[in-house]
Amino acid sequence: MGGALESEVLARVLSTACAVFERDVQPHDNFFSVGGDSLTAVAFILRLEAELEVDVEADVVLAADDFTVFAAALSALLPAASRAGDERCRRPAGDVS
Amino acid sequence: MKPYIWNPWTMAAAAPDRPAVIADEWVCTFGELVAWADRLGRGLRAVGLADGAIVSTDIRSGPDFFALALATAKYGLGLLPLNHDLGSRSAALSAAVGARLHVGEAQDSQVRSIPIADLTAIGTDAETTTPRCRAGYMVYISSGTTGEPTPVIRSRPWYPYKGVPVHPRYGAGPSAGPHIMSNPDFHLGTLGPAMYALQAGSAVVVQREWSPVILAGLLDQHRADSAFVSTDRLADIVDYGAWSAHRPLAIFHGGSACTPWVKRAAMSLMGPVLHEYYGTSAGIISEITAEEWLRNPGSVGRPLPGVQVETQADGVPQPAGELGEICVRPRAIDRTAHDDLVRTGDLGFLSADGYLFVVGRTSNPDGWPCARLEHAVRGLAGVTDCVVVRQSGQLPDTVSCFVEARLPHHTETVTSILELAAQIAIAAPVVEIRAPGCLPRTRSGKVARQALGAEPTGTSG
């Protein structure tokens with residue numbers, strides 16, 4: 001897997017997490033340590049799915065040790081075209097809630 | 001189907017005439033309920049309650065109660081529901097949690113009381129702006145096993161009120177059938193699933209009087225998709241031996257241990273729809289579906305994501321399979337300043353693959369023989385409940401084993417219990433077998449241990 005794509009996905013994950021949790025979120029923060037619960041998990045997933053156009057299962061979010069691990073798992077879920085450099089991961093962040 | 005977020009206001013916008021709460025002859029729609037909740041919320045703020053203040057109420061389960069519950073959730077207040085059986089203790093409990101207002105019948109306390117009709121009128125005339133605030137929270141009275149009602153303040157969400165995540169496995173949602181609140185009392189076990197279903201878009205039907213026949217009738221009449229049934233009432237249903245023609249999607253149970261015999265019998269009646277919770281009044285610790293339980297019989301499931309569970313003996317974490325007190329580190333969002341590590345007072349063990357098994361209470365720490373015997377007896381055929389207590393006021397100490405069991409199992413059950421006791425080095429326990437439903441119970445369905453002479457233990461949900 002390309003490191004560049006993973007970094008881009010991590011940046012997108014963190015910006016989305018900052019918006020959902022209304023606080024600064026770091027790569028090694030854990031979903032629960034920043035105040036995550038079943039409701040915010042759904043809000044987080046819905047926003048990520050809209051931004052990245054990929055299906056995200058709640059278990060992937062909940063099981064990840066931190067957002068870096070989650071971003072790596074998410075990168076692997078992206079379609080091959082994205083992994084080859086598709087622009088969809090680079091869309092500007094917007095309010096998609 | 002993917003989970004999504006829903007709440008009664010969204011439901012009212014989509015289908016204002018959909019029934020939201022049905023109690024006795026009173027049917028309140030989602031449109032009516034949220035309009036009432038907004039009036040109450042504005043009224044609570046208009047009478048001067050600050051953000052986060054606690055409101056107590058003795059209103060019975062019904063549309064007025066649920067309107068108040070939604071109002072406190074949306075308008076950022078705490079709600080302490082009080083059951084009528086608390087009597088004069090209600091006022092003391094309201095005062096103990098620092099309630100600023102009591103909604104309902106006047107209390108004999110310093111907490112100001114207001115009838116809900118007056119509060120509604122104030123809210124009708126108040127400004128219509130909704131404050132931007134964190135969501136409200138609940139305060140539950142722990143029924144526990146100690147006999148003394150204890151208020152437990154749940155943590156408050158850091159975000160504004162949004163609703164609940166709707167997942168099909170919970171049998172509630174904007175297109176799902178109603179939820180039957182088969183016990184109208186207020187506990188985490190009864191009110192939690194009802195509030196979830198209502199917020200997910202399902203109607204809540206309040207069952208005032210308990211009997212398996214009435215529950216089955218309500219399930220059929222309303223084509224309900226979910227219900228909460230406490231463990232003792234699950235045993236009643238098994239004893240009755242029949243179930244509704246309409247098949248609900250989820251029957252929740254929890255609050256006390258269910259014997260494997262009862263659970264298997266219930267599943268043979270209802271199908272694999274039992275969904276069990278384990279937790280305290282402060283929060284849910286684990287859950288287990290029927291399918292998981294059949295693979296791990298006797299377990300209360302794996303801890304919820306983000307919840308850490310360990311068993312401790314003498315303060316030392318125990319490896320898989322070893323008995324210890326069940327200790328919990330709640331999710332960060334559920335923690336208060338006091339509960340980084342919550343001691344449940346329950347005895348149990350974790351399996352190698354992380355399933356939690358609850359054995360009993362942690363009283364008598366000398367190897368926990370009473371809890372171990374209780375757990376062993378619960379596994380016997382025909383046993384619907386069991387409590388083993390040491391009555392230390394007598395000399396020598398007496399171990400009494402109170403068992404509810406169905407005929408024709410009585411004789412063989414006594415023989416088996418004496419054999420099990422001998423294996424655990426309990427000499428000659430007094431064994432008393434009663435018919436199902438004959439042990440004294442708290443209003444939430446737990447066996448009232450102190451009424452059987454048990455020594456006091458810690459609090460439990």
# chains A, B, ... in the order shown; residues from 1 in each chain; ligands from 1
call {"tool": "closest_atom_pairs", "arguments": {"of": "chain B", "to": "chain A", "cutoff": "12 Å", "atoms": "only C-alpha atoms", "output": "Markdown table"}}
result
| residue | atom | partner | partner_atom | distance |
| --- | --- | --- | --- | --- |
| B:Met1 | CA | A:Glu57 | CA | 11.0 |
| B:Lys2 | CA | A:Glu57 | CA | 8.4 |
| B:Pro3 | CA | A:Val42 | CA | 6.6 |
| B:Tyr4 | CA | A:Val42 | CA | 6.3 |
| B:Ile5 | CA | A:Val42 | CA | 7.1 |
| B:Trp6 | CA | A:Leu39 | CA | 9.9 |
| B:Asn7 | CA | A:Leu39 | CA | 11.6 |
| B:Ser155 | CA | A:Gly35 | CA | 11.6 |
| B:Arg156 | CA | A:Gly35 | CA | 11.2 |
| B:Pro157 | CA | A:Gly35 | CA | 8.6 |
| B:Trp158 | CA | A:Gly35 | CA | 7.7 |
| B:Tyr159 | CA | A:Phe21 | CA | 8.2 |
| B:Pro160 | CA | A:Thr40 | CA | 11.3 |
| B:Tyr161 | CA | A:Leu39 | CA | 10.5 |
| B:Lys162 | CA | A:Leu39 | CA | 8.3 |
| B:Gly163 | CA | A:Leu39 | CA | 7.9 |
| B:Val164 | CA | A:Leu39 | CA | 6.0 |
| B:Pro165 | CA | A:Leu39 | CA | 5.3 |
| B:Val166 | CA | A:Leu39 | CA | 9.0 |
| B:His167 | CA | A:Val42 | CA | 10.2 |
| B:Tyr196 | CA | A:Leu39 | CA | 11.8 |
| B:Ala200 | CA | A:Leu39 | CA | 11.8 |
| B:Leu304 | CA | A:Leu62 | CA | 9.8 |
| B:Pro305 | CA | A:Leu62 | CA | 6.2 |
| B:Gly306 | CA | A:Phe32 | CA | 5.9 |
| B:Val307 | CA | A:Phe32 | CA | 9.1 |
| B:Gln308 | CA | A:Phe32 | CA | 11.4 |
| B:Arg329 | CA | A:Phe32 | CA | 11.8 |
| B:Pro330 | CA | A:Phe32 | CA | 9.9 |
| B:Arg331 | CA | A:Phe32 | CA | 6.2 |
| B:Ala332 | CA | A:Ser33 | CA | 5.5 |
| B:Ile333 | CA | A:Gly35 | CA | 4.8 |
| B:Asp334 | CA | A:Gly35 | CA | 8.5 |
| B:Arg335 | CA | A:Gly35 | CA | 10.0 |
call {"tool": "write_last_selection", "arguments": {"atoms": "C-alpha atoms", "output": "compact mmCIF listing (two decimals), in the first residue's frame"}}
result
# COMPACT_ATOMS: atom_id res chain seq x y z
CA MET B 1 -28.83 -2.12 6.57
CA LYS B 2 -26.30 0.42 7.81
CA PRO B 3 -26.91 2.12 11.16
CA TYR B 4 -28.16 5.69 11.04
CA ILE B 5 -29.14 8.37 13.54
CA TRP B 6 -32.77 9.04 14.34
CA ASN B 7 -34.83 10.85 16.99
CA SER B 155 -22.48 10.66 32.61
CA ARG B 156 -23.65 13.52 30.41
CA PRO B 157 -22.87 13.45 26.66
CA TRP B 158 -20.43 16.13 25.49
CA TYR B 159 -22.54 16.79 22.38
CA PRO B 160 -26.02 18.27 21.85
CA TYR B 161 -29.01 15.95 21.68
CA LYS B 162 -29.00 13.99 18.42
CA GLY B 163 -31.02 10.83 19.09
CA VAL B 164 -29.84 7.23 18.87
CA PRO B 165 -28.06 5.05 16.33
CA VAL B 166 -30.66 2.76 14.78
CA HIS B 167 -29.51 -0.80 14.20
CA TYR B 196 -34.01 3.67 22.90
CA ALA B 200 -35.42 5.19 17.20
CA LEU B 304 -18.93 -3.44 24.69
CA PRO B 305 -16.35 -1.77 22.45
CA GLY B 306 -14.29 0.64 24.53
CA VAL B 307 -15.26 -0.98 27.84
CA GLN B 308 -12.43 -2.82 29.60
CA ARG B 329 -13.03 0.67 33.14
CA PRO B 330 -15.87 2.49 31.38
CA ARG B 331 -15.44 4.23 28.04
CA ALA B 332 -13.96 7.71 28.42
CA ILE B 333 -17.34 9.26 27.63
CA ASP B 334 -18.98 7.31 30.45
CA ARG B 335 -16.39 8.06 33.10
call {"tool": "select_by_dssp", "arguments": {"residues": "stretch 33-260 of chain B", "states": "helix (DSSP H, G or I)", "output": "number ranges by chain"}}
result
B: 33-46, 63-74, 84-86, 89-96, 116-125, 168-170, 188-200, 212-222, 231-240, 260
call {"tool": "atom_distance", "arguments": {"atom1": "atom CA of B:Val358", "atom2": "atom CA of B:Ile326"}}
result
8.2 Å
call {"tool": "atom_distance", "arguments": {"atom1": "atom CA of B:Gly254", "atom2": "atom CA of B:Ile180"}}
result
15.3 Å
